[in-house]
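Structure data follow from start05.cif (mmCIF, C-alpha atoms):
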```cif
data_run
loop_
_atom_site.label_atom_id
_atom_site.label_comp_id
_atom_site.auth_asym_id
_atom_site.auth_seq_id
_atom_site.Cartn_x
_atom_site.Cartn_y
_atom_site.Cartn_z
CA MET Q 1043 118.45 123.70 73.73
CA LYS Q 1044 114.91 122.54 72.91
CA LYS Q 1045 116.21 120.77 69.79
CA ASN Q 1046 118.78 118.89 71.90
CA ALA Q 1047 116.08 117.96 74.43
CA GLY Q 1048 113.86 116.69 71.63
CA LEU Q 1049 116.74 114.64 70.23
CA VAL Q 1050 117.42 113.06 73.63
CA ASP Q 1051 113.72 112.21 74.01
CA ARG Q 1052 113.65 110.56 70.57
CA ILE Q 1053 116.79 108.55 71.33
CA LEU Q 1054 115.26 107.42 74.62
CA LEU Q 1055 111.99 106.45 72.95
CA PHE Q 1056 113.64 104.57 70.08
CA THR Q 1057 115.83 102.73 72.59
CA LEU Q 1058 112.96 102.03 74.97
CA ILE Q 1059 110.58 100.45 72.44
CA PRO Q 1060 112.90 97.64 71.23
CA SER Q 1061 114.25 97.17 74.75
CA PHE Q 1062 110.69 96.59 75.97
CA PHE Q 1063 110.07 93.82 73.44
CA ILE Q 1064 113.49 92.27 74.06
CA ALA Q 1065 112.75 92.25 77.80
CA LEU Q 1066 109.41 90.50 77.18
CA TYR Q 1067 111.18 87.91 75.01
CA LEU Q 1068 113.82 87.29 77.67
CA ILE Q 1069 111.21 87.00 80.43
CA PHE Q 1070 108.61 84.78 78.78
CA ILE Q 1071 110.62 82.77 76.25
CA TRP Q 1072 114.38 82.81 76.83
CA SER Q 1073 114.71 82.60 80.62
CA PRO Q 1074 114.13 79.16 82.19
CA VAL Q 1075 110.99 78.34 84.16
CA GLU Q 1076 111.63 78.11 87.90
CA LYS Q 1077 111.05 74.57 89.22
CA MET Q 1078 109.10 75.39 92.39
CA MET Q 1079 106.86 78.30 91.33
CA GLY Q 1080 106.65 77.64 87.62
CA ALA Q 1081 105.56 80.44 85.26
CA THR Q 1082 104.39 82.61 88.20
CA GLN Q 1083 108.04 83.22 89.07
CA LYS Q 1084 108.41 85.37 85.96
CA ILE Q 1085 106.57 88.19 87.72
CA PHE Q 1086 109.81 88.47 89.71
CA TYR Q 1087 111.42 90.43 86.84
CA PHE Q 1088 108.67 93.08 86.87
CA HIS Q 1089 108.62 93.13 90.68
CA VAL Q 1090 112.35 93.69 91.18
CA GLY Q 1091 112.62 96.15 88.28
CA SER Q 1092 109.69 98.21 89.59
CA ALA Q 1093 111.11 98.19 93.13
CA TRP Q 1094 114.50 99.39 91.87
CA VAL Q 1095 112.95 102.24 89.90
CA ALA Q 1096 110.78 103.21 92.89
CA PHE Q 1097 113.93 103.44 95.05
CA LEU Q 1098 115.70 105.42 92.33
CA ALA Q 1099 112.74 107.80 91.98
CA PHE Q 1100 112.57 108.44 95.72
CA GLY Q 1101 116.33 108.95 95.82
CA VAL Q 1102 115.87 111.68 93.21
CA VAL Q 1103 113.05 113.15 95.33
CA GLY Q 1104 115.35 113.17 98.36
CA TYR Q 1105 118.16 114.90 96.46
CA HIS Q 1106 115.96 117.66 95.06
CA SER Q 1107 114.16 118.05 98.41
CA VAL Q 1108 117.50 118.77 100.10
CA ARG Q 1109 118.28 121.28 97.34
CA VAL Q 1110 114.90 122.96 97.92
CA LEU Q 1111 115.69 123.42 101.63
CA ILE Q 1112 119.21 124.73 100.93
CA LYS Q 1113 118.37 127.05 98.05
CA PRO Q 1114 114.73 127.02 96.90
CA ARG Q 1115 114.33 126.86 93.13
CA LEU Q 1116 111.26 125.99 91.12
CA GLN Q 1117 113.22 123.50 89.03
CA HIS Q 1118 114.12 121.38 92.08
CA HIS Q 1119 110.52 121.50 93.30
CA ILE Q 1120 109.25 120.35 89.88
CA ASN Q 1121 111.85 117.56 89.58
CA ALA Q 1122 111.01 116.23 93.04
CA GLY Q 1123 107.28 116.24 92.35
CA ILE Q 1124 107.50 114.42 89.00
CA SER Q 1125 109.89 111.83 90.39
CA ALA Q 1126 107.59 111.25 93.38
CA GLU Q 1127 104.60 110.63 91.08
CA ILE Q 1128 106.58 108.06 89.10
CA GLY Q 1129 107.89 106.54 92.34
CA VAL Q 1130 104.37 106.09 93.71
CA LEU Q 1131 103.33 104.45 90.44
CA PHE Q 1132 106.16 101.93 90.55
CA THR Q 1133 105.73 101.31 94.28
CA THR Q 1134 102.10 100.46 93.53
CA ILE Q 1135 103.25 98.03 90.84
CA THR Q 1136 105.78 96.57 93.31
CA LEU Q 1137 103.07 96.01 95.92
CA ILE Q 1138 100.64 94.45 93.42
CA THR Q 1139 103.25 92.10 91.90
CA GLY Q 1140 104.42 91.26 95.41
CA MET Q 1141 100.89 90.29 96.39
CA ILE Q 1142 100.57 88.06 93.32
CA TRP Q 1143 103.91 86.46 94.21
CA GLY Q 1144 102.76 86.02 97.81
CA LYS Q 1145 99.53 84.30 96.77
CA SER Q 1146 101.48 81.76 94.75
CA SER Q 1147 104.38 81.33 97.19
CA TRP Q 1148 102.75 81.79 100.62
CA ASN Q 1149 99.10 81.09 99.69
CA THR Q 1150 98.04 84.51 100.94
CA TRP Q 1151 97.63 87.90 99.25
CA TRP Q 1152 99.10 89.80 102.19
CA THR Q 1153 101.09 89.24 105.35
CA TRP Q 1154 102.68 91.78 107.67
CA GLU Q 1155 106.14 90.63 106.71
CA PRO Q 1156 108.84 93.34 107.26
CA ARG Q 1157 109.54 94.03 103.57
CA LEU Q 1158 105.85 94.33 102.68
CA ALA Q 1159 105.02 96.44 105.73
CA THR Q 1160 107.89 98.90 105.21
CA THR Q 1161 107.10 99.16 101.49
CA LEU Q 1162 103.48 100.01 102.29
CA ILE Q 1163 104.68 102.67 104.76
CA LEU Q 1164 106.93 104.10 102.02
CA TRP Q 1165 103.94 104.23 99.66
CA PHE Q 1166 101.83 106.10 102.24
CA ILE Q 1167 104.64 108.60 102.93
CA TYR Q 1168 104.92 109.58 99.28
CA VAL Q 1169 101.17 109.64 98.70
CA ALA Q 1170 101.06 112.09 101.64
CA TYR Q 1171 103.93 113.99 99.99
CA LEU Q 1172 101.89 114.40 96.80
CA PHE Q 1173 98.87 115.61 98.79
CA VAL Q 1174 101.06 118.16 100.61
CA ARG Q 1175 102.20 119.54 97.25
CA LYS Q 1176 98.54 120.18 96.34
CA MET Q 1177 97.78 122.13 99.52
CA ASP Q 1178 96.77 125.78 99.39
CA GLY Q 1179 99.36 128.32 100.44
CA SER Q 1180 102.44 130.12 99.18
CA ARG Q 1181 104.61 128.13 96.80
CA GLU Q 1182 107.70 128.61 98.98
CA LYS Q 1183 106.04 127.22 102.13
CA ILE Q 1184 104.52 124.27 100.25
CA ALA Q 1185 107.88 123.54 98.62
CA ARG Q 1186 109.68 123.48 101.99
CA LEU Q 1187 107.00 121.40 103.73
CA SER Q 1188 106.85 118.86 100.91
CA ALA Q 1189 110.67 118.75 100.87
CA VAL Q 1190 110.63 117.61 104.51
CA PHE Q 1191 108.21 114.81 103.60
CA GLY Q 1192 110.43 113.89 100.65
CA ILE Q 1193 113.49 113.58 102.89
CA ILE Q 1194 111.60 111.53 105.50
CA GLY Q 1195 110.46 109.20 102.73
CA VAL Q 1196 113.93 108.64 101.27
CA ILE Q 1197 115.23 107.75 104.75
CA ASN Q 1198 112.77 104.85 104.68
CA VAL Q 1199 114.21 103.47 101.41
CA PRO Q 1200 117.25 101.71 102.97
CA ILE Q 1201 114.97 100.42 105.73
CA VAL Q 1202 112.76 98.77 103.09
CA PHE Q 1203 115.78 97.29 101.34
CA MET Q 1204 117.41 95.96 104.52
CA ALA Q 1205 114.19 94.83 106.24
CA ILE Q 1206 114.51 91.15 105.32
CA ARG Q 1207 118.16 91.18 106.40
CA TRP Q 1208 117.76 93.02 109.68
CA TRP Q 1209 114.70 91.02 110.77
CA ASN Q 1210 115.96 87.82 109.12
CA THR Q 1211 112.52 86.94 107.74
CA LYS Q 1212 111.96 83.48 106.28
CA LEU Q 1213 109.08 84.47 103.99
CA HIS Q 1214 110.54 87.02 101.59
CA PRO Q 1215 113.32 85.56 99.43
CA ILE Q 1216 116.82 87.08 99.41
CA VAL Q 1217 118.18 86.58 95.91
CA PHE Q 1218 121.69 87.95 96.32
CA GLY Q 1219 122.80 86.41 99.60
CA GLU Q 1220 120.82 84.83 102.39
CA GLY Q 1221 120.21 86.19 105.89
CA LYS Q 1222 122.38 88.60 107.85
CA SER Q 1223 125.61 86.91 106.78
CA GLN Q 1224 124.69 87.40 103.10
CA SER Q 1225 126.03 83.91 102.31
CA GLY Q 1226 124.29 81.52 99.93
CA GLY Q 1227 121.32 82.31 97.72
CA GLY Q 1228 121.88 83.23 94.11
CA ILE Q 1229 120.23 83.19 90.72
CA GLU Q 1230 120.73 81.22 87.50
CA PRO Q 1231 122.94 83.06 84.93
CA ASP Q 1232 120.11 83.20 82.35
CA MET Q 1233 117.74 84.58 84.97
CA LEU Q 1234 120.34 87.14 86.03
CA VAL Q 1235 120.76 88.40 82.45
CA THR Q 1236 116.98 88.70 82.12
CA LEU Q 1237 116.70 90.49 85.47
CA LEU Q 1238 119.44 93.00 84.67
CA PHE Q 1239 117.98 93.75 81.23
CA SER Q 1240 114.50 94.17 82.75
CA ILE Q 1241 115.90 96.62 85.30
CA PHE Q 1242 117.69 98.49 82.50
CA THR Q 1243 114.47 98.72 80.45
CA ILE Q 1244 112.32 99.92 83.36
CA THR Q 1245 115.02 102.47 84.25
CA LEU Q 1246 114.85 103.76 80.67
CA LEU Q 1247 111.08 104.07 81.10
CA TYR Q 1248 111.59 106.07 84.31
CA THR Q 1249 114.04 108.40 82.55
CA PHE Q 1250 111.63 108.97 79.65
CA LEU Q 1251 108.64 109.57 81.94
CA MET Q 1252 110.72 111.89 84.10
CA ARG Q 1253 111.80 114.05 81.16
CA LYS Q 1254 108.31 114.26 79.66
CA GLY Q 1255 106.75 114.93 83.06
CA ILE Q 1256 109.13 117.82 83.73
CA GLU Q 1257 108.44 119.24 80.27
CA ILE Q 1258 104.66 119.12 80.82
CA GLU Q 1259 104.94 120.61 84.32
CA LYS Q 1260 107.09 123.50 83.04
CA MET Q 1261 104.50 124.22 80.34
CA ARG Q 1262 101.77 124.17 82.99
CA HIS Q 1263 103.64 126.76 85.07
CA ILE Q 1264 104.19 128.96 81.98
CA VAL Q 1265 100.49 128.83 81.14
CA LYS Q 1266 99.54 129.53 84.77
CA LYS Q 1267 101.89 132.53 84.88
CA ALA Q 1268 100.57 133.90 81.57
CA LYS Q 1269 96.99 133.44 82.78
CA SER Q 1270 97.74 135.37 86.00
CA LYS Q 1271 99.29 138.22 84.02
CA ALA Q 1272 96.29 138.35 81.67
CA ILE Q 1273 93.89 138.51 84.64
CA GLU Q 1274 95.95 141.29 86.21
CA LYS Q 1275 95.83 143.30 82.97
CA LEU Q 1276 92.07 142.85 82.66
CA ALA Q 1277 91.59 143.83 86.30
CA GLY Q 1278 93.79 146.89 85.80
#
```

Could you write out this file's structure as C-alpha coordinates?
Amino acid sequence: MKKNAGLVDRILLFTLIPSFFIALYLIFIWSPVEKMMGATQKIFYFHVGSAWVAFLAFGVVGYHSVRVLIKPRLQHHINAGISAEIGVLFTTITLITGMIWGKSSWNTWWTWEPRLATTLILWFIYVAYLFVRKMDGSREKIARLSAVFGIIGVINVPIVFMAIRWWNTKLHPIVFGEGKSQSGGGIEPDMLVTLLFSIFTITLLYTFLMRKGIEIEKMRHIVKKAKSKAIEKLAG
(Lines of atoms letter the chains of each structure in order from A and count residues from 1; the text may use other names and numbers.)
(Lines give C-alpha, C1' and ligand atoms only; values in the text may rest on other atoms or scores of the structure.)
Protein backbone atom coordinates (compact mmCIF):
# COMPACT_ATOMS: atom_id res chain seq x y z
CA MET A 1 0.00 0.00 0.00
CA LYS A 2 2.81 2.42 0.90
CA LYS A 3 4.62 1.50 -2.33
CA ASN A 4 1.49 2.33 -4.36
CA ALA A 5 1.09 5.62 -2.48
CA GLY A 6 4.72 6.49 -3.19
CA LEU A 7 4.23 5.66 -6.87
CA VAL A 8 1.16 7.91 -7.09
CA ASP A 9 3.09 10.75 -5.41
CA ARG A 10 5.97 10.37 -7.89
CA ILE A 11 3.59 10.36 -10.85
CA LEU A 12 1.90 13.48 -9.51
CA LEU A 13 5.23 15.23 -8.96
CA PHE A 14 6.64 14.32 -12.38
CA THR A 15 3.40 15.50 -14.00
CA LEU A 16 3.22 18.67 -11.93
CA ILE A 17 6.74 19.96 -12.66
CA PRO A 18 6.47 20.06 -16.49
CA SER A 19 2.85 21.22 -16.25
CA PHE A 20 4.00 24.17 -14.13
CA PHE A 21 6.53 25.30 -16.74
CA ILE A 22 4.08 24.73 -19.60
CA ALA A 23 1.51 26.85 -17.74
CA LEU A 24 4.06 29.65 -17.31
CA TYR A 25 4.88 29.48 -21.03
CA LEU A 26 1.20 29.63 -21.98
CA ILE A 27 0.54 32.54 -19.61
CA PHE A 28 3.51 34.79 -20.34
CA ILE A 29 4.45 33.92 -23.93
CA TRP A 30 1.75 32.04 -25.84
CA SER A 31 -1.49 33.72 -24.73
CA PRO A 32 -2.25 37.14 -26.25
CA VAL A 33 -1.94 40.35 -24.27
CA GLU A 34 -5.32 41.85 -23.36
CA LYS A 35 -5.87 45.23 -25.07
CA MET A 36 -7.31 47.18 -22.13
CA MET A 37 -5.26 45.94 -19.14
CA GLY A 38 -2.12 44.84 -20.93
CA ALA A 39 0.29 42.45 -19.20
CA THR A 40 -1.47 42.93 -15.82
CA GLN A 41 -4.36 40.84 -17.16
CA LYS A 42 -2.17 37.74 -17.03
CA ILE A 43 -2.63 37.61 -13.26
CA PHE A 44 -6.16 36.51 -14.17
CA TYR A 45 -4.89 32.94 -14.80
CA PHE A 46 -3.41 32.66 -11.29
CA HIS A 47 -6.44 34.38 -9.75
CA VAL A 48 -9.08 32.12 -11.31
CA GLY A 49 -7.02 28.95 -10.82
CA SER A 50 -6.44 29.76 -7.14
CA ALA A 51 -10.12 30.58 -6.61
CA TRP A 52 -11.17 27.27 -8.20
CA VAL A 53 -8.79 25.27 -6.01
CA ALA A 54 -9.96 27.17 -2.90
CA PHE A 55 -13.57 26.23 -3.73
CA LEU A 56 -12.52 22.62 -4.37
CA ALA A 57 -10.59 22.47 -1.09
CA PHE A 58 -13.52 23.82 0.91
CA GLY A 59 -15.86 21.40 -0.85
CA VAL A 60 -13.60 18.58 0.36
CA VAL A 61 -13.71 20.10 3.87
CA GLY A 62 -17.51 20.17 3.72
CA TYR A 63 -17.73 16.54 2.61
CA HIS A 64 -15.41 15.22 5.33
CA SER A 65 -17.06 17.48 7.94
CA VAL A 66 -20.43 15.86 7.18
CA ARG A 67 -18.79 12.44 7.46
CA VAL A 68 -17.32 13.43 10.85
CA LEU A 69 -20.80 14.35 12.16
CA ILE A 70 -22.38 11.15 10.79
CA LYS A 71 -19.68 8.71 11.83
CA PRO A 72 -16.59 10.25 13.48
CA ARG A 73 -13.32 8.88 12.14
CA LEU A 74 -9.84 10.30 12.51
CA GLN A 75 -9.20 9.98 8.78
CA HIS A 76 -12.10 12.33 7.92
CA HIS A 77 -10.95 14.81 10.55
CA ILE A 78 -7.40 14.78 9.14
CA ASN A 79 -8.57 15.12 5.52
CA ALA A 80 -10.80 18.07 6.38
CA GLY A 81 -8.03 19.85 8.28
CA ILE A 82 -5.39 19.48 5.56
CA SER A 83 -7.81 20.57 2.84
CA ALA A 84 -8.82 23.60 4.91
CA GLU A 85 -5.18 24.67 5.31
CA ILE A 86 -4.64 24.45 1.55
CA GLY A 87 -7.95 26.23 0.95
CA VAL A 88 -6.95 29.14 3.19
CA LEU A 89 -3.62 29.38 1.35
CA PHE A 90 -5.28 29.59 -2.06
CA THR A 91 -8.00 31.94 -0.82
CA THR A 92 -5.21 34.24 0.39
CA ILE A 93 -3.61 34.06 -3.07
CA THR A 94 -7.03 34.77 -4.62
CA LEU A 95 -7.51 37.86 -2.45
CA ILE A 96 -3.99 39.17 -3.13
CA THR A 97 -4.20 38.65 -6.91
CA GLY A 98 -7.68 40.17 -6.84
CA MET A 99 -6.33 43.27 -5.12
CA ILE A 100 -3.57 43.60 -7.72
CA TRP A 101 -6.20 43.24 -10.46
CA GLY A 102 -8.39 45.82 -8.72
CA LYS A 103 -5.57 48.35 -8.49
CA SER A 104 -4.98 48.11 -12.23
CA SER A 105 -8.64 47.88 -13.27
CA TRP A 106 -10.46 50.02 -10.68
CA ASN A 107 -7.52 52.14 -9.43
CA THR A 108 -8.04 50.93 -5.87
CA TRP A 109 -6.60 48.04 -3.85
CA TRP A 110 -9.91 47.22 -2.20
CA THR A 111 -13.62 47.93 -2.54
CA TRP A 112 -16.53 46.33 -0.74
CA GLU A 113 -17.76 44.75 -3.93
CA PRO A 114 -19.92 41.59 -3.34
CA ARG A 115 -17.40 39.06 -4.67
CA LEU A 116 -14.51 40.52 -2.66
CA ALA A 117 -16.57 40.90 0.52
CA THR A 118 -17.96 37.34 0.42
CA THR A 119 -14.51 35.92 -0.37
CA LEU A 120 -13.05 37.73 2.64
CA ILE A 121 -15.87 36.33 4.81
CA LEU A 122 -15.06 32.84 3.48
CA TRP A 123 -11.40 33.36 4.40
CA PHE A 124 -12.31 34.41 7.96
CA ILE A 125 -14.63 31.41 8.40
CA TYR A 126 -11.91 28.93 7.53
CA VAL A 127 -9.23 30.72 9.52
CA ALA A 128 -11.63 30.42 12.47
CA TYR A 129 -12.09 26.75 11.54
CA LEU A 130 -8.34 26.16 11.78
CA PHE A 131 -8.21 27.91 15.17
CA VAL A 132 -11.08 25.74 16.44
CA ARG A 133 -9.12 22.63 15.48
CA LYS A 134 -6.24 23.82 17.70
CA MET A 135 -8.44 24.33 20.77
CA ASP A 136 -7.90 22.31 23.94
CA GLY A 137 -10.40 19.57 24.67
CA SER A 138 -11.28 16.02 23.69
CA ARG A 139 -10.57 15.11 20.09
CA GLU A 140 -14.17 14.03 19.49
CA LYS A 141 -15.65 17.35 20.66
CA ILE A 142 -13.12 19.40 18.70
CA ALA A 143 -13.77 17.28 15.60
CA ARG A 144 -17.53 17.84 15.81
CA LEU A 145 -17.26 21.57 16.54
CA SER A 146 -14.79 22.14 13.72
CA ALA A 147 -17.00 20.06 11.41
CA VAL A 148 -19.86 22.51 12.02
CA PHE A 149 -17.57 25.41 11.05
CA GLY A 150 -16.47 23.46 7.97
CA ILE A 151 -20.07 22.97 6.84
CA ILE A 152 -20.96 26.64 7.47
CA GLY A 153 -17.95 27.64 5.38
CA VAL A 154 -18.81 25.42 2.41
CA ILE A 155 -22.34 26.88 2.36
CA ASN A 156 -20.69 30.24 1.68
CA VAL A 157 -18.85 28.92 -1.42
CA PRO A 158 -21.83 29.14 -3.83
CA ILE A 159 -22.64 32.56 -2.37
CA VAL A 160 -19.14 33.75 -3.30
CA PHE A 161 -19.45 32.28 -6.79
CA MET A 162 -22.92 33.73 -7.46
CA ALA A 163 -22.34 37.10 -5.76
CA ILE A 164 -21.62 39.06 -8.94
CA ARG A 165 -24.65 37.48 -10.61
CA TRP A 166 -27.14 37.91 -7.79
CA TRP A 167 -26.12 41.51 -7.03
CA ASN A 168 -25.39 42.27 -10.70
CA THR A 169 -22.20 44.19 -9.88
CA LYS A 170 -20.54 46.24 -12.60
CA LEU A 171 -17.04 46.14 -11.12
CA HIS A 172 -16.09 42.47 -11.05
CA PRO A 173 -15.93 40.94 -14.54
CA ILE A 174 -18.06 37.92 -15.47
CA VAL A 175 -16.03 35.92 -17.97
CA PHE A 176 -18.49 33.18 -18.86
CA GLY A 177 -21.71 35.11 -19.34
CA GLU A 178 -22.72 38.58 -18.26
CA GLY A 179 -25.23 39.55 -15.58
CA LYS A 180 -28.20 37.56 -14.34
CA SER A 181 -29.18 36.43 -17.84
CA GLN A 182 -25.70 34.95 -18.38
CA SER A 183 -25.70 36.26 -21.96
CA GLY A 184 -22.64 37.81 -23.59
CA GLY A 185 -19.15 37.94 -22.15
CA GLY A 186 -16.62 35.36 -23.21
CA ILE A 187 -12.91 34.78 -23.59
CA GLU A 188 -10.53 34.40 -26.55
CA PRO A 189 -9.85 30.73 -27.49
CA ASP A 190 -6.11 31.05 -26.75
CA MET A 191 -6.87 32.61 -23.37
CA LEU A 192 -9.38 29.85 -22.63
CA VAL A 193 -6.80 27.13 -23.35
CA THR A 194 -4.31 28.89 -21.07
CA LEU A 195 -6.92 29.32 -18.34
CA LEU A 196 -8.01 25.68 -18.43
CA PHE A 197 -4.41 24.43 -18.36
CA SER A 198 -3.60 26.77 -15.47
CA ILE A 199 -6.59 25.44 -13.53
CA PHE A 200 -5.48 21.87 -14.30
CA THR A 201 -1.93 22.60 -13.06
CA ILE A 202 -3.05 24.28 -9.83
CA THR A 203 -5.48 21.40 -9.22
CA LEU A 204 -2.56 18.98 -9.58
CA LEU A 205 -0.69 21.08 -7.01
CA TYR A 206 -3.66 20.86 -4.63
CA THR A 207 -3.80 17.07 -5.05
CA PHE A 208 -0.07 16.72 -4.36
CA LEU A 209 -0.16 19.01 -1.32
CA MET A 210 -3.24 17.21 -0.02
CA ARG A 211 -1.61 13.78 -0.23
CA LYS A 212 1.65 14.92 1.36
CA GLY A 213 -0.19 16.86 4.07
CA ILE A 214 -2.27 13.82 5.02
CA GLU A 215 0.86 11.66 5.10
CA ILE A 216 2.66 14.11 7.42
CA GLU A 217 -0.39 14.51 9.68
CA LYS A 218 -0.76 10.72 10.01
CA MET A 219 2.92 10.45 10.99
CA ARG A 220 2.40 13.21 13.55
CA HIS A 221 -0.49 11.30 15.14
CA ILE A 222 1.56 8.08 15.21
CA VAL A 223 4.44 9.87 16.93
CA LYS A 224 2.06 11.55 19.39
CA LYS A 225 0.44 8.20 20.23
CA ALA A 226 3.82 6.50 20.70
CA LYS A 227 4.99 9.37 22.90
CA SER A 228 1.87 9.06 25.10
CA LYS A 229 2.42 5.32 25.49
CA ALA A 230 6.08 5.86 26.41
CA ILE A 231 5.10 8.44 29.06
CA GLU A 232 2.50 6.06 30.48
CA LYS A 233 5.09 3.27 30.74
CA LEU A 234 7.58 5.55 32.47
CA ALA A 235 4.89 6.78 34.85
CA GLY A 236 3.85 3.20 35.58

Check which residues satisfy the PyMOL selection byres ((chain Q and resi 1062) around 10) in the file shown, then give them as an mmCIF file with C-alpha atoms, in the frame of the given file.
```cif
data_model
loop_
_atom_site.group_PDB
_atom_site.id
_atom_site.type_symbol
_atom_site.label_atom_id
_atom_site.label_comp_id
_atom_site.auth_asym_id
_atom_site.auth_seq_id
_atom_site.Cartn_x
_atom_site.Cartn_y
_atom_site.Cartn_z
ATOM 1 C CA THR Q 1057 115.830 102.730 72.590
ATOM 2 C CA LEU Q 1058 112.960 102.030 74.970
ATOM 3 C CA ILE Q 1059 110.580 100.450 72.440
ATOM 4 C CA PRO Q 1060 112.900 97.640 71.230
ATOM 5 C CA SER Q 1061 114.250 97.170 74.750
ATOM 6 C CA PHE Q 1063 110.070 93.820 73.440
ATOM 7 C CA ILE Q 1064 113.490 92.270 74.060
ATOM 8 C CA ALA Q 1065 112.750 92.250 77.800
ATOM 9 C CA LEU Q 1066 109.410 90.500 77.180
ATOM 10 C CA TYR Q 1067 111.180 87.910 75.010
ATOM 11 C CA LEU Q 1068 113.820 87.290 77.670
ATOM 12 C CA PHE Q 1239 117.980 93.750 81.230
ATOM 13 C CA SER Q 1240 114.500 94.170 82.750
ATOM 14 C CA PHE Q 1242 117.690 98.490 82.500
ATOM 15 C CA THR Q 1243 114.470 98.720 80.450
ATOM 16 C CA ILE Q 1244 112.320 99.920 83.360
ATOM 17 C CA LEU Q 1246 114.850 103.760 80.670
ATOM 18 C CA LEU Q 1247 111.080 104.070 81.100
#
```

Discussion item. Quick check on the file I pasted: which residues fall under the PyMOL selection byres ((chain Q and resi 1136) around 9)? Write them as an MDAnalysis selection string.
Written reply: chainID Q and resid 1088:1093 1096 1131:1135 1137:1141 1161

Discussion item. Give me the residues near stretch 1105-1122 of chain Q as a PyMOL selection string, where near means some atom within 12 Å (using only C-alpha atoms) and where sequence neighbours in that chain fewer than 4 positions away do not count.
Written reply: chain Q and resi 1098-1101+1126-1129+1168+1171-1172+1175+1181-1197+1249+1251-1264

Worksheet item: So how far away is atom CA of Q:Leu1234 from atom CA of Q:Val1075, in Å?
Response: 13.0 Å

Discussion item. Which residue is closest to Q:Leu1238? Choose from Q:Phe1086, Q:Phe1173, Q:Trp1143, Q:Trp1165 and count all atoms listed in the file.
Written reply: Q:Phe1086

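Atom pair atom CA of Q:Thr1160 / atom CA of Q:Trp1094 has a distance of 14.9 Å (rounded to one decimal).
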
Can you sort out stretch 1069-1091 of chain Q so it carries N, CA, C and O atoms, written as a CSV table (one decimal), keeping the file's coordinate frame?
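See rebuild.csv below for the written result:
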```csv
chain,number,residue,atom,x,y,z
Q,1069,ILE,N,112.0,87.4,79.3
Q,1069,ILE,CA,111.2,87.0,80.4
Q,1069,ILE,C,110.4,85.8,80.1
Q,1069,ILE,O,110.4,84.8,80.8
Q,1070,PHE,N,109.6,85.8,79.0
Q,1070,PHE,CA,108.6,84.8,78.8
Q,1070,PHE,C,109.1,83.6,77.9
Q,1070,PHE,O,108.5,82.6,77.9
Q,1071,ILE,N,110.2,83.8,77.2
Q,1071,ILE,CA,110.6,82.8,76.2
Q,1071,ILE,C,112.0,82.3,76.6
Q,1071,ILE,O,112.3,81.1,76.7
Q,1072,TRP,N,113.0,83.2,76.7
Q,1072,TRP,CA,114.4,82.8,76.8
Q,1072,TRP,C,114.8,82.3,78.2
Q,1072,TRP,O,115.4,81.3,78.3
Q,1073,SER,N,114.3,83.0,79.3
Q,1073,SER,CA,114.7,82.6,80.6
Q,1073,SER,C,114.0,81.3,81.0
Q,1073,SER,O,112.9,81.1,80.7
Q,1074,PRO,N,114.7,80.5,81.8
Q,1074,PRO,CA,114.1,79.2,82.2
Q,1074,PRO,C,113.0,79.3,83.2
Q,1074,PRO,O,112.9,80.3,83.9
Q,1075,VAL,N,112.1,78.3,83.2
Q,1075,VAL,CA,111.0,78.3,84.2
Q,1075,VAL,C,111.5,77.8,85.5
Q,1075,VAL,O,112.1,76.7,85.6
Q,1076,GLU,N,111.2,78.5,86.6
Q,1076,GLU,CA,111.6,78.1,87.9
Q,1076,GLU,C,110.9,76.8,88.3
Q,1076,GLU,O,109.7,76.7,88.1
Q,1077,LYS,N,111.6,75.9,88.9
Q,1077,LYS,CA,111.0,74.6,89.2
Q,1077,LYS,C,109.9,74.6,90.2
Q,1077,LYS,O,108.9,73.9,90.1
Q,1078,MET,N,110.1,75.4,91.3
Q,1078,MET,CA,109.1,75.4,92.4
Q,1078,MET,C,107.8,76.2,92.1
Q,1078,MET,O,106.7,75.7,92.2
Q,1079,MET,N,108.0,77.4,91.5
Q,1079,MET,CA,106.9,78.3,91.3
Q,1079,MET,C,106.3,78.2,89.9
Q,1079,MET,O,105.2,78.7,89.6
Q,1080,GLY,N,107.1,77.7,89.0
Q,1080,GLY,CA,106.6,77.6,87.6
Q,1080,GLY,C,106.6,79.0,86.9
Q,1080,GLY,O,107.4,79.9,87.3
Q,1081,ALA,N,105.6,79.2,86.1
Q,1081,ALA,CA,105.6,80.4,85.3
Q,1081,ALA,C,105.3,81.7,86.1
Q,1081,ALA,O,105.6,82.8,85.8
Q,1082,THR,N,104.7,81.5,87.3
Q,1082,THR,CA,104.4,82.6,88.2
Q,1082,THR,C,105.7,83.3,88.6
Q,1082,THR,O,105.6,84.6,88.9
Q,1083,GLN,N,106.8,82.6,88.7
Q,1083,GLN,CA,108.0,83.2,89.1
Q,1083,GLN,C,108.5,84.4,88.2
Q,1083,GLN,O,109.2,85.3,88.6
Q,1084,LYS,N,108.0,84.4,86.9
Q,1084,LYS,CA,108.4,85.4,86.0
Q,1084,LYS,C,107.9,86.8,86.3
Q,1084,LYS,O,108.5,87.8,85.8
Q,1085,ILE,N,107.0,86.9,87.2
Q,1085,ILE,CA,106.6,88.2,87.7
Q,1085,ILE,C,107.7,88.8,88.5
Q,1085,ILE,O,107.7,90.1,88.7
Q,1086,PHE,N,108.6,88.0,89.0
Q,1086,PHE,CA,109.8,88.5,89.7
Q,1086,PHE,C,110.6,89.6,89.0
Q,1086,PHE,O,111.0,90.5,89.6
Q,1087,TYR,N,110.7,89.5,87.6
Q,1087,TYR,CA,111.4,90.4,86.8
Q,1087,TYR,C,110.7,91.8,86.8
Q,1087,TYR,O,111.4,92.8,86.9
Q,1088,PHE,N,109.4,91.8,86.8
Q,1088,PHE,CA,108.7,93.1,86.9
Q,1088,PHE,C,108.7,93.6,88.3
Q,1088,PHE,O,108.8,94.8,88.5
Q,1089,HIS,N,108.6,92.7,89.3
Q,1089,HIS,CA,108.6,93.1,90.7
Q,1089,HIS,C,109.9,93.8,91.1
Q,1089,HIS,O,109.9,94.9,91.6
Q,1090,VAL,N,111.0,93.2,90.8
Q,1090,VAL,CA,112.4,93.7,91.2
Q,1090,VAL,C,112.7,95.0,90.4
Q,1090,VAL,O,113.2,96.0,91.0
Q,1091,GLY,N,112.4,95.0,89.1
Q,1091,GLY,CA,112.6,96.2,88.3
Q,1091,GLY,C,111.8,97.4,88.8
Q,1091,GLY,O,112.3,98.5,88.8
```
